[in-house]
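Chemist: Hey, dropping entry.cif in here, mmCIF, C-alpha atoms:
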```
data_start
#
loop_
_atom_site.label_atom_id
_atom_site.label_comp_id
_atom_site.auth_asym_id
_atom_site.auth_seq_id
_atom_site.Cartn_x
_atom_site.Cartn_y
_atom_site.Cartn_z
CA MET A 1 2.91 -32.84 -22.06
CA VAL A 2 4.19 -31.48 -25.34
CA ARG A 3 7.93 -31.53 -25.89
CA LYS A 4 9.79 -30.09 -28.87
CA ILE A 5 13.31 -30.94 -29.95
CA ASN A 6 14.99 -28.56 -32.39
CA ILE A 7 18.35 -29.65 -33.78
CA ASP A 8 19.30 -26.41 -35.47
CA HIS A 9 22.59 -27.61 -36.92
CA VAL A 10 23.19 -31.29 -37.64
CA THR A 11 26.96 -31.69 -37.49
CA LYS A 12 29.38 -33.98 -39.32
CA ILE A 13 27.39 -34.26 -42.55
CA GLU A 14 28.20 -32.73 -45.93
CA GLY A 15 25.80 -29.79 -45.80
CA HIS A 16 23.38 -27.72 -43.76
CA ALA A 17 20.31 -29.31 -42.15
CA ARG A 18 18.09 -28.82 -39.14
CA LEU A 19 15.61 -31.20 -37.54
CA HIS A 20 12.33 -30.35 -35.79
CA ILE A 21 10.63 -32.95 -33.59
CA LYS A 22 7.35 -32.69 -31.66
CA ILE A 23 6.46 -35.21 -28.95
CA ASP A 24 3.04 -35.25 -27.26
CA ASN A 25 2.40 -37.50 -24.23
CA GLY A 26 5.24 -39.83 -25.18
CA GLY A 27 4.13 -40.11 -28.82
CA VAL A 28 6.04 -38.71 -31.79
CA LYS A 29 3.69 -36.32 -33.58
CA LYS A 30 6.00 -34.60 -36.00
CA VAL A 31 9.43 -35.11 -37.56
CA LYS A 32 10.56 -32.58 -40.13
CA LEU A 33 14.02 -32.48 -41.67
CA ASN A 34 14.73 -29.11 -43.26
CA ILE A 35 17.51 -28.45 -45.73
CA PHE A 36 18.40 -24.78 -45.79
CA GLU A 37 21.47 -24.57 -48.00
CA GLY A 38 21.49 -21.75 -50.52
CA SER A 39 20.01 -22.57 -53.92
CA ARG A 40 22.84 -23.31 -56.35
CA PHE A 41 20.83 -23.39 -59.61
CA PHE A 42 22.97 -26.01 -61.37
CA GLU A 43 20.11 -27.18 -63.57
CA GLY A 44 19.70 -23.58 -64.75
CA ILE A 45 23.45 -23.05 -65.15
CA LEU A 46 23.69 -26.15 -67.35
CA LYS A 47 21.01 -24.94 -69.77
CA THR A 48 22.16 -23.38 -73.07
CA LYS A 49 25.58 -25.06 -72.74
CA HIS A 50 27.43 -26.96 -75.48
CA PHE A 51 27.69 -30.71 -74.94
CA HIS A 52 31.49 -30.52 -74.66
CA ASP A 53 31.17 -28.22 -71.63
CA VAL A 54 28.28 -29.81 -69.73
CA ASN A 55 30.13 -32.58 -67.83
CA HIS A 56 32.87 -30.21 -66.62
CA ILE A 57 30.23 -27.93 -65.09
CA ALA A 58 28.21 -30.87 -63.73
CA SER A 59 31.19 -32.25 -61.80
CA ARG A 60 31.15 -29.02 -59.76
CA ILE A 61 27.81 -30.01 -58.24
CA CYS A 62 29.78 -31.71 -55.48
CA GLY A 63 33.37 -31.60 -54.28
CA ILE A 64 32.90 -34.89 -52.40
CA CYS A 65 31.69 -37.03 -55.33
CA SER A 66 32.65 -34.96 -58.36
CA PRO A 67 33.81 -37.96 -60.48
CA VAL A 68 30.38 -39.60 -60.61
CA HIS A 69 28.58 -36.39 -61.61
CA GLY A 70 30.97 -35.92 -64.52
CA LEU A 71 30.63 -39.58 -65.52
CA THR A 72 26.84 -39.53 -65.33
CA SER A 73 26.76 -36.31 -67.31
CA VAL A 74 28.73 -37.73 -70.25
CA LYS A 75 26.59 -40.87 -70.15
CA ALA A 76 23.43 -38.76 -70.54
CA THR A 77 25.01 -36.80 -73.39
CA GLU A 78 26.09 -39.98 -75.17
CA LYS A 79 22.59 -41.44 -74.82
CA ALA A 80 21.10 -38.29 -76.35
CA MET A 81 23.46 -38.45 -79.34
CA ASN A 82 23.47 -42.23 -79.80
CA VAL A 83 27.18 -42.57 -79.08
CA ILE A 84 28.63 -45.94 -78.09
CA VAL A 85 31.97 -45.86 -76.32
CA SER A 86 34.70 -48.51 -76.35
CA GLU A 87 35.08 -51.30 -73.81
CA GLN A 88 38.32 -49.66 -72.66
CA THR A 89 36.45 -46.42 -71.94
CA GLU A 90 33.85 -48.32 -69.91
CA LEU A 91 36.60 -49.98 -67.84
CA LEU A 92 38.44 -46.73 -67.19
CA ARG A 93 35.20 -45.02 -66.18
CA GLU A 94 34.46 -47.87 -63.79
CA LEU A 95 37.86 -47.46 -62.13
CA LEU A 96 37.42 -43.69 -61.92
CA ASN A 97 34.05 -44.07 -60.21
CA ILE A 98 35.48 -46.62 -57.77
CA GLY A 99 38.24 -44.15 -56.90
CA GLY A 100 35.66 -41.46 -56.20
CA THR A 101 33.62 -43.88 -54.09
CA ILE A 102 36.66 -44.78 -51.99
CA GLN A 103 37.45 -41.07 -51.51
CA SER A 104 33.95 -40.36 -50.25
CA HIS A 105 33.42 -43.49 -48.12
CA VAL A 106 36.66 -43.17 -46.17
CA VAL A 107 35.97 -39.53 -45.24
CA HIS A 108 32.44 -40.35 -44.09
CA LEU A 109 33.36 -43.48 -42.16
CA PHE A 110 36.54 -42.45 -40.35
CA PHE A 111 36.11 -38.70 -39.95
CA LEU A 112 32.34 -38.20 -39.60
CA THR A 113 30.98 -41.49 -38.25
CA LEU A 114 33.64 -43.34 -36.25
CA PRO A 115 34.02 -40.62 -33.57
CA ASP A 116 30.38 -41.30 -32.55
CA TYR A 117 31.29 -44.90 -31.73
CA THR A 118 34.60 -44.20 -29.99
CA GLY A 119 33.13 -41.59 -27.66
CA HIS A 120 34.73 -38.52 -29.25
CA PRO A 121 33.08 -35.32 -30.52
CA ASN A 122 35.24 -35.23 -33.65
CA ALA A 123 38.06 -36.94 -35.52
CA VAL A 124 40.72 -34.55 -34.21
CA GLN A 125 40.11 -35.64 -30.63
CA MET A 126 39.71 -39.27 -31.70
CA ALA A 127 43.18 -39.13 -33.28
CA GLN A 128 44.75 -38.53 -29.87
CA THR A 129 43.64 -41.93 -28.55
CA HIS A 130 43.15 -43.83 -31.84
CA PRO A 131 45.95 -42.59 -34.13
CA HIS A 132 45.99 -45.94 -35.97
CA HIS A 133 42.46 -45.27 -37.27
CA ILE A 134 43.45 -41.91 -38.70
CA LYS A 135 46.66 -43.26 -40.27
CA LYS A 136 44.69 -46.07 -41.90
CA ALA A 137 42.06 -43.63 -43.16
CA LEU A 138 44.65 -41.27 -44.64
CA LYS A 139 46.36 -44.14 -46.47
CA ILE A 140 43.07 -45.31 -48.00
CA LYS A 141 42.11 -41.72 -48.87
CA GLN A 142 45.47 -41.19 -50.54
CA PHE A 143 44.88 -44.30 -52.65
CA GLY A 144 41.43 -43.08 -53.70
CA ASN A 145 42.95 -39.73 -54.64
CA GLU A 146 45.62 -41.48 -56.68
CA VAL A 147 43.05 -43.46 -58.68
CA VAL A 148 41.07 -40.34 -59.56
CA ASN A 149 44.23 -38.33 -60.27
CA VAL A 150 45.82 -40.93 -62.58
CA ILE A 151 42.66 -41.58 -64.63
CA GLY A 152 40.87 -38.25 -64.29
CA GLY A 153 43.84 -35.87 -64.36
CA ARG A 154 43.38 -34.51 -60.84
CA SER A 155 41.95 -35.81 -57.57
CA ILE A 156 38.97 -33.41 -57.47
CA HIS A 157 36.82 -32.44 -60.48
CA PRO A 158 38.60 -34.73 -62.98
CA TYR A 159 38.93 -33.16 -66.43
CA THR A 160 39.97 -36.01 -68.77
CA VAL A 161 36.41 -37.40 -68.98
CA CYS A 162 34.63 -36.22 -72.13
CA PRO A 163 31.69 -37.31 -74.32
CA GLY A 164 32.93 -40.28 -76.32
CA GLY A 165 35.76 -41.32 -74.03
CA PHE A 166 38.81 -39.65 -72.46
CA THR A 167 41.00 -36.79 -73.61
CA ARG A 168 44.07 -38.79 -72.60
CA ILE A 169 44.91 -42.30 -71.42
CA PRO A 170 47.37 -42.89 -68.53
CA THR A 171 50.76 -44.37 -69.38
CA ARG A 172 51.84 -47.94 -68.63
CA ASP A 173 54.08 -46.66 -65.85
CA GLN A 174 51.17 -44.82 -64.24
CA PHE A 175 49.03 -47.94 -64.32
CA LYS A 176 51.90 -50.01 -62.92
CA LYS A 177 52.37 -47.59 -60.02
CA LEU A 178 48.62 -47.51 -59.38
CA LEU A 179 48.49 -51.32 -59.23
CA LYS A 180 51.27 -51.31 -56.66
CA SER A 181 49.36 -48.77 -54.54
CA ALA A 182 46.17 -50.85 -54.78
CA LYS A 183 47.91 -53.98 -53.57
CA SER A 184 49.49 -52.04 -50.71
CA CYS A 185 46.07 -50.69 -49.69
CA LEU A 186 44.13 -53.97 -49.83
CA SER A 187 44.88 -55.18 -46.29
CA ASP A 188 43.97 -51.77 -44.83
CA ALA A 189 40.73 -51.81 -46.80
CA LYS A 190 39.87 -55.24 -45.43
CA ASN A 191 40.69 -54.15 -41.90
CA ALA A 192 38.42 -51.10 -42.33
CA ALA A 193 35.53 -53.42 -43.18
CA GLU A 194 36.29 -55.49 -40.09
CA ILE A 195 36.39 -52.37 -37.89
CA PHE A 196 32.98 -51.11 -39.00
CA CYS A 197 31.48 -54.57 -38.93
CA GLY A 198 32.54 -54.89 -35.29
CA LEU A 199 30.97 -51.65 -34.00
CA LYS A 200 27.92 -51.77 -31.73
CA TYR A 201 25.10 -50.14 -33.67
CA PRO A 202 21.73 -49.03 -32.23
CA ASP A 203 19.12 -51.81 -32.21
CA PHE A 204 16.68 -50.43 -34.77
CA GLU A 205 15.13 -51.81 -37.96
CA ARG A 206 12.32 -50.63 -40.23
CA LYS A 207 11.20 -52.39 -43.36
CA THR A 208 11.75 -50.31 -46.47
CA LYS A 209 12.46 -50.64 -50.20
CA HIS A 210 16.09 -50.71 -51.35
CA PHE A 211 16.85 -49.63 -54.94
CA ALA A 212 20.12 -49.97 -56.86
CA LEU A 213 21.33 -50.27 -60.43
CA LYS A 214 22.20 -53.71 -61.79
CA GLY A 215 24.88 -54.77 -64.26
CA LYS A 216 27.26 -57.52 -65.23
CA CYS A 217 29.61 -56.68 -62.36
CA TYR A 218 29.26 -54.89 -59.02
CA PHE A 219 30.75 -51.56 -60.12
CA CYS A 220 29.55 -51.52 -63.74
CA PRO A 221 25.79 -50.87 -63.57
CA GLU A 222 23.58 -50.78 -66.63
CA ASP A 223 20.21 -49.17 -67.35
CA VAL A 224 18.17 -51.32 -64.97
CA ILE A 225 17.00 -50.36 -61.48
CA SER A 226 16.21 -53.26 -59.18
CA CYS A 227 14.61 -53.46 -55.77
CA ALA A 228 15.78 -56.03 -53.21
CA GLY A 229 13.14 -58.70 -52.74
CA ASP A 230 11.11 -57.73 -55.82
CA LYS A 231 11.17 -59.52 -59.15
CA GLU A 232 10.19 -56.44 -61.17
CA CYS A 233 12.89 -54.09 -62.37
CA ILE A 234 12.60 -50.55 -63.74
CA SER A 235 14.31 -49.29 -66.88
CA VAL A 236 16.40 -46.16 -66.28
CA PRO A 237 14.70 -44.25 -69.17
CA ASP A 238 11.39 -44.78 -67.31
CA TYR A 239 12.61 -43.59 -63.90
CA GLU A 240 10.56 -40.38 -63.91
CA ALA A 241 7.35 -42.41 -64.14
CA HIS A 242 8.19 -44.16 -60.86
CA PHE A 243 10.33 -41.78 -58.79
CA LYS A 244 8.62 -38.44 -58.15
CA GLU A 245 10.50 -35.38 -56.91
CA PHE A 246 8.87 -32.66 -54.81
CA PHE A 247 9.70 -29.68 -52.62
CA LYS A 248 8.70 -29.20 -48.97
CA GLN A 249 7.94 -25.97 -47.18
CA GLY A 250 10.98 -24.85 -45.19
CA SER A 251 13.52 -26.73 -47.36
CA THR A 252 15.48 -25.66 -50.42
CA ALA A 253 16.36 -29.25 -51.38
CA GLU A 254 14.19 -31.65 -53.34
CA PHE A 255 12.74 -34.85 -51.90
CA ALA A 256 11.71 -37.99 -53.83
CA LYS A 257 9.35 -40.92 -53.34
CA LYS A 258 8.25 -43.95 -55.33
CA ASP A 259 4.49 -44.59 -55.46
CA GLU A 260 4.10 -42.09 -52.59
CA LYS A 261 6.41 -44.18 -50.39
CA SER A 262 9.94 -43.55 -49.18
CA TYR A 263 12.85 -45.80 -50.13
CA MET A 264 16.59 -46.11 -49.60
CA VAL A 265 19.58 -45.98 -51.95
CA GLY A 266 23.29 -46.27 -51.23
CA ALA A 267 25.93 -48.84 -50.29
CA TRP A 268 23.59 -50.99 -48.21
CA SER A 269 20.99 -51.01 -51.00
CA ARG A 270 23.67 -51.97 -53.53
CA ILE A 271 24.83 -54.93 -51.44
CA LEU A 272 21.27 -56.14 -50.87
CA ASN A 273 20.48 -55.93 -54.60
CA ASN A 274 23.82 -57.10 -55.98
CA TYR A 275 25.12 -59.47 -53.32
CA ASN A 276 25.72 -62.20 -55.92
CA LEU A 277 28.15 -59.90 -57.78
CA LEU A 278 30.44 -59.43 -54.76
CA SER A 279 33.72 -61.32 -54.50
CA LYS A 280 33.91 -64.28 -52.12
CA GLU A 281 35.98 -62.26 -49.64
CA SER A 282 33.47 -59.39 -49.60
CA LYS A 283 30.60 -61.81 -49.06
CA GLU A 284 32.45 -63.07 -46.00
CA LEU A 285 32.80 -59.52 -44.72
CA THR A 286 29.03 -58.95 -45.01
CA ARG A 287 28.14 -61.90 -42.75
CA CYS A 288 27.88 -59.70 -39.67
CA ILE A 289 25.50 -57.23 -41.31
CA LEU A 290 23.24 -59.36 -43.53
CA PRO A 291 21.03 -60.52 -40.61
CA ARG A 292 20.02 -56.87 -40.02
CA LYS A 293 18.58 -56.36 -43.48
CA PHE A 294 16.33 -53.43 -42.55
CA SER A 295 18.70 -51.48 -40.30
CA PRO A 296 19.80 -48.18 -41.89
CA PHE A 297 22.87 -48.25 -39.64
CA MET A 298 24.20 -51.11 -41.80
CA ASN A 299 24.99 -48.53 -44.47
CA ASN A 300 28.19 -47.80 -42.51
CA PRO A 301 29.72 -51.31 -42.65
CA ALA A 302 28.34 -51.66 -46.19
CA GLN A 303 30.41 -48.66 -47.28
CA ALA A 304 33.47 -50.20 -45.65
CA VAL A 305 32.89 -53.45 -47.57
CA GLU A 306 32.67 -51.42 -50.78
CA ILE A 307 36.09 -49.88 -50.08
CA PHE A 308 37.55 -53.39 -49.97
CA GLU A 309 35.54 -54.65 -52.96
CA GLY A 310 36.49 -51.57 -54.97
CA THR A 311 40.20 -51.92 -54.19
CA LYS A 312 40.04 -55.59 -55.13
CA ARG A 313 38.27 -54.77 -58.40
CA ILE A 314 40.91 -52.18 -59.31
CA ILE A 315 43.64 -54.80 -58.84
CA GLU A 316 41.69 -57.29 -60.96
CA VAL A 317 41.24 -54.84 -63.84
CA LEU A 318 44.79 -53.48 -63.80
CA GLU A 319 46.26 -57.00 -63.78
CA SER A 320 44.18 -58.16 -66.75
CA ALA A 321 43.59 -55.14 -68.99
CA ASP A 322 46.00 -53.85 -71.61
CA PHE A 323 45.09 -50.19 -71.97
CA LYS A 324 46.16 -48.48 -75.18
CA ASP A 325 46.19 -44.89 -76.36
CA GLU A 326 42.74 -44.15 -77.75
CA LYS A 327 40.89 -41.13 -79.09
CA PRO A 328 37.31 -40.35 -78.02
CA ALA A 329 34.51 -41.51 -80.28
CA GLU A 330 33.51 -38.86 -82.83
CA ILE A 331 30.28 -37.05 -81.98
CA LYS A 332 28.07 -35.21 -84.45
CA PRO A 333 25.59 -32.94 -82.64
CA LYS A 334 21.96 -33.95 -82.99
CA GLN A 335 18.66 -33.22 -81.35
CA GLY A 336 17.78 -35.74 -78.67
CA THR A 337 17.11 -36.62 -75.05
CA GLY A 338 19.45 -38.67 -72.90
CA ILE A 339 19.20 -40.07 -69.37
CA GLY A 340 22.33 -41.20 -67.59
CA ALA A 341 22.32 -43.11 -64.29
CA ASN A 342 25.22 -44.16 -62.09
CA GLU A 343 25.85 -45.41 -58.59
CA ALA A 344 27.25 -42.47 -56.64
CA PRO A 345 28.75 -43.14 -53.20
CA ARG A 346 25.35 -42.39 -51.63
CA GLY A 347 23.17 -44.15 -54.21
CA ILE A 348 21.67 -43.74 -57.68
CA VAL A 349 22.18 -40.38 -59.40
CA PHE A 350 20.24 -39.40 -62.54
CA HIS A 351 21.12 -36.78 -65.16
CA LYS A 352 18.59 -36.00 -67.89
CA TYR A 353 19.45 -33.64 -70.78
CA LYS A 354 17.63 -32.45 -73.88
CA TYR A 355 19.78 -31.12 -76.74
CA ASP A 356 18.92 -29.15 -79.86
CA SER A 357 20.36 -29.91 -83.29
CA LYS A 358 23.49 -27.85 -82.53
CA GLY A 359 24.30 -29.82 -79.38
CA ILE A 360 23.08 -27.12 -76.97
CA THR A 361 21.10 -28.07 -73.86
CA ASN A 362 17.54 -26.74 -73.52
CA PHE A 363 16.41 -28.92 -70.59
CA VAL A 364 18.28 -30.36 -67.57
CA ASN A 365 17.02 -32.43 -64.64
CA ILE A 366 19.34 -33.93 -62.00
CA THR A 367 18.19 -36.23 -59.21
CA THR A 368 20.73 -36.93 -56.47
CA PRO A 369 20.84 -39.82 -53.96
CA THR A 370 20.28 -37.56 -50.95
CA THR A 371 17.09 -36.23 -52.59
CA GLN A 372 15.85 -39.82 -52.68
CA ASN A 373 16.99 -40.75 -49.16
CA LEU A 374 15.59 -37.76 -47.25
CA PRO A 375 11.96 -39.00 -46.96
CA ASN A 376 13.18 -42.42 -45.79
CA LEU A 377 15.44 -40.77 -43.24
CA GLU A 378 12.50 -38.81 -41.85
CA GLU A 379 10.46 -42.00 -41.51
CA ASP A 380 13.34 -43.75 -39.77
CA ILE A 381 13.73 -40.91 -37.26
CA LYS A 382 10.00 -40.99 -36.55
CA ASN A 383 10.13 -44.73 -35.81
CA PHE A 384 13.47 -44.63 -33.99
CA LEU A 385 12.55 -41.90 -31.51
CA PRO A 386 10.06 -43.90 -29.38
CA LEU A 387 12.85 -46.40 -28.64
CA ILE A 388 15.16 -43.75 -27.13
CA LEU A 389 12.81 -41.31 -25.36
CA ASN A 390 13.86 -42.71 -21.99
CA LYS A 391 17.42 -41.45 -22.55
CA SER A 392 18.84 -38.07 -21.58
CA LYS A 393 18.66 -35.07 -23.90
CA GLN A 394 22.30 -35.44 -24.87
CA GLU A 395 21.92 -39.16 -25.53
CA ILE A 396 18.81 -38.64 -27.68
CA GLN A 397 20.66 -36.01 -29.68
CA LEU A 398 23.63 -38.32 -30.29
CA GLU A 399 21.45 -41.29 -31.28
CA ILE A 400 19.48 -39.18 -33.76
CA GLU A 401 22.69 -37.83 -35.25
CA LYS A 402 24.07 -41.36 -35.59
CA LEU A 403 21.00 -42.25 -37.64
CA ILE A 404 21.25 -39.16 -39.83
CA ARG A 405 24.95 -39.75 -40.43
CA ALA A 406 24.34 -43.42 -41.30
CA TYR A 407 22.69 -42.14 -44.49
CA ASP A 408 25.79 -40.04 -45.23
CA PRO A 409 23.67 -37.15 -46.56
CA CYS A 410 25.58 -34.98 -49.02
CA ILE A 411 24.18 -31.45 -49.13
CA SER A 412 27.37 -29.38 -49.33
CA CYS A 413 30.00 -28.80 -46.62
CA ALA A 414 29.27 -27.89 -42.99
CA THR A 415 31.23 -27.35 -39.80
CA HIS A 416 28.44 -26.14 -37.53
CA PHE A 417 27.91 -26.96 -33.89
CA LEU A 418 24.64 -28.53 -32.85
CA GLN A 419 22.14 -26.57 -30.78
CA ILE A 420 19.00 -28.14 -29.35
CA VAL A 421 16.07 -26.29 -27.80
CA TRP A 422 13.73 -28.31 -25.57
CA ASP A 423 10.23 -27.10 -24.65
#
```
Write the structure described by the file as structure tokens, please.
Modeler:
Amino acid sequence: MVRKINIDHVTKIEGHARLHIKIDNGGVKKVKLNIFEGSRFFEGILKTKHFHDVNHIASRICGICSPVHGLTSVKATEKAMNVIVSEQTELLRELLNIGGTIQSHVVHLFFLTLPDYTGHPNAVQMAQTHPHHIKKALKIKQFGNEVVNVIGGRSIHPYTVCPGGFTRIPTRDQFKKLLKSAKSCLSDAKNAAEIFCGLKYPDFERKTKHFALKGKCYFCPEDVISCAGDKECISVPDYEAHFKEFFKQGSTAEFAKKDEKSYMVGAWSRILNNYNLLSKESKELTRCILPRKFSPFMNNPAQAVEIFEGTKRIIEVLESADFKDEKPAEIKPKQGTGIGANEAPRGIVFHKYKYDSKGITNFVNITTPTTQNLPNLEEDIKNFLPLILNKSKQEIQLEIEKLIRAYDPCISCATHFLQIVWD
């Protein structure tokens, strides 16, 4: 007997996606995840633009993780023009990216994922019986917004980031107020990690590669990509030789593989690769998830741990750093190619730009985390399905959606209802 499952609208993810599944005599024959968002042409839009304008346009790629796109953009521009920024700039950019990560993680965890595990169709209904979860989430989200607003100038699409540094530095009073907010948020952040560590996740694991950037601290990655369990590391400038992007029929989004194999990026990959860089308290919080090394569902508690680790890092920096007013480094336009890489909330993001001698772009390539995660997600669904085929249609649908949402795919924004057709 042939059975088809069509999930026409996957709900509670940032974007539009549909899933097609074909089952023949109890065996999974086909799993195809289609992305059908409208083409947005950002790589084309960014061509022929002056280097001072590029990062402001690039941050519009996403309203969920706009800080990291702007930060990665200026990094690529600075690489192309051989610009070295100050240590203060590096610290402020680290804090800005942490703020953006907290913003994104808390929305995904409390508003898109947690309702699945409390038995509610959405966060609005969950709030009626679990108001404490929503209050905690809003407080953490407000803190993330404050970090991005103070350093970046506004909580969405920050504008103070520029090639060479920042257009303005926050005042001492702003930093003092931000430190107070961070300390007030720390206990809620820890409790969030405990909540998501304590949820009952589906019993599924599949061995896969986990890639993340490495650096001297957890939230300050450098130009090295490492893979958990492997001794070899990849240099960011060489990423295109290892990670290949491609399009699939029926999808408008790109997919990516390494050596023809799928892999995973994101919070769980970062913890597996950079566990030694976590604070002692965060290591304690990961005890419940480390034994399930190859479960994609562990990306949820891993994100919660990162909220705590990020809040703790912000406190550490603000208590020790003495930020001063500083002008951006001077940039003289030159011909060159630059590749910037950062850890976005959902994993490694790459921006590659080529500039002419006047500082105008003539080539742009951007590789997002979701592009890299999609093939791995398909493989996980294919291997997860045989374990749940004995469940009802509604239960199968929910379990598949839990898996998709564990990856926190960021395509754009969606509020669709799910429709499934069974043959």
Chemist: When you count all atoms listed in the file, which of these residues is closest to Lys332 (chain A): A:Pro237, A:Pro375, A:Gly164, A:Pro221?
Modeler: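 Of A:Pro237, A:Pro375, A:Gly164, A:Pro221, the one nearest Lys332 (chain A) is A:Gly164, counting all atoms listed in the file.
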Chemist: List the residues selected by the PyMOL selection byres ((chain A and resi 162) around 8) in the file shown, writing them as an MDAnalysis selection string.
Modeler: chainID A and resid 52 55 74 159:161 163:167 328
Chemist: Quote the spacing between CA of Asn300 (chain A) and CA of Pro158 (chain A) in Å to one decimal place.
Modeler: 26.4 Å
Chemist: Taking into account all atoms listed in the file, which residue in the set A:Val68, A:Leu398, A:Leu278, A:Ile314 is nearest to Glu146 (chain A)?
Modeler: A:Ile314
Chemist: Could you check which residues have any atom within 10 Å of (9.7, -49.1, -51.5), counting all atoms listed in the file with coordinates taken straight from the file, and then list them as a list in words?
Modeler: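 Here the neighbourhood of the point contains Lys207, Thr208, Lys209, His210, Phe211, Cys227, Ala228, Asp230, Lys257, Lys258, Asp259, Glu260, Lys261, Ser262, Tyr263, Met264 and Asn376 of chain A.
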Chemist: Could you list, as number ranges by chain, every residue matched by the PyMOL selection byres ((chain A and resi 380-392) around 8) in this structure?
Modeler: A: 26-28, 30-31, 204, 206, 376-379, 393-396, 399-400, 403
Chemist: List every protein, DNA or RNA residue that has at least one atom no more than 8 Å from (29.8, -42.3, -67.7) in the file's coordinates, counting all atoms listed in the file, and write the result as a short mmCIF file (atom, residue, chain, number, x, y, z; two decimals) with C-alpha atoms, in the frame of the given file.
Modeler:
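For reference, result_22.cif as written:
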```
data_model
loop_
_atom_site.label_atom_id
_atom_site.label_comp_id
_atom_site.auth_asym_id
_atom_site.auth_seq_id
_atom_site.Cartn_x
_atom_site.Cartn_y
_atom_site.Cartn_z
CA VAL A 68 30.38 -39.60 -60.61
CA GLY A 70 30.97 -35.92 -64.52
CA LEU A 71 30.63 -39.58 -65.52
CA THR A 72 26.84 -39.53 -65.33
CA SER A 73 26.76 -36.31 -67.31
CA VAL A 74 28.73 -37.73 -70.25
CA LYS A 75 26.59 -40.87 -70.15
CA ALA A 76 23.43 -38.76 -70.54
CA GLU A 90 33.85 -48.32 -69.91
CA ARG A 93 35.20 -45.02 -66.18
CA GLY A 340 22.33 -41.20 -67.59
CA ASN A 342 25.22 -44.16 -62.09
#
```
Chemist: Counting all atoms listed in the file, figure out which residue out of A:Tyr218, A:Phe350, A:Asp188, A:Ser104 gets nearest to Gly63 (chain A).
Modeler: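 Closest to Gly63 (chain A), using all atoms listed in the file: A:Ser104.
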Chemist: Between A:Lys334, A:Lys183, A:His351, A:Lys312, which residue has the minimum interatomic distance to Pro369 (chain A), considering only C-alpha atoms?
Modeler: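 Going through A:Lys334, A:Lys183, A:His351, A:Lys312 one by one, the smallest distance to Pro369 (chain A) is for A:His351.
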Chemist: Looking at only C-alpha atoms, which of A:Lys231, A:Arg313, A:Arg60, A:His133 is the one that sits closest to Phe41 (chain A)?
Modeler: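 Going through A:Lys231, A:Arg313, A:Arg60, A:His133 one by one, the smallest distance to Phe41 (chain A) is for A:Arg60.
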Chemist: Where does the PyMOL selection byres ((chain A and resi 174-180) around 12) land in this file, that is, which residues does it pick, as a ChimeraX atom specification?
Modeler: /A:92,95,99,142-151,153,169-173,181-186,311-324
Chemist: Provide the CA of Ile156 (chain A) to CA of Glu330 (chain A) distance in Å, to one decimal place.
Modeler: 26.5 Å
Chemist: Of the candidates A:Asn25, A:Asn373, A:Ser226, A:Gln335, which shows the shortest atom-to-atom distance to Asp356 (chain A), using only C-alpha atoms?
Modeler: A:Gln335
Chemist: Just how far from CA of Phe42 (chain A) is CA of Val364 (chain A), in Å to one decimal?
Modeler: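 Distance between the two atoms: 8.9 Å.
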Chemist: Near Tyr117 (chain A), counting all atoms listed in the file, which residues have an atom at most 12 Å away, once you skip same-chain residues fewer than 2 positions from it, shown as a VMD selection string?
Modeler: chain A and resid 109 to 115 119 to 123 126 130 195 to 196 198 to 202 300 398 to 399 401 to 402 405 to 406
Chemist: May I have the centre and edge lengths, in Å to one decimal, of an axis-aligned box around the listed atoms of region 60-67 of chain A with 4 Å added to every side, as AutoDock Vina command-line options?
Modeler:
```
--center_x 30.8 --center_y -33.5 --center_z -56.4 --size_x 14.0 --size_y 16.9 --size_z 16.1
```
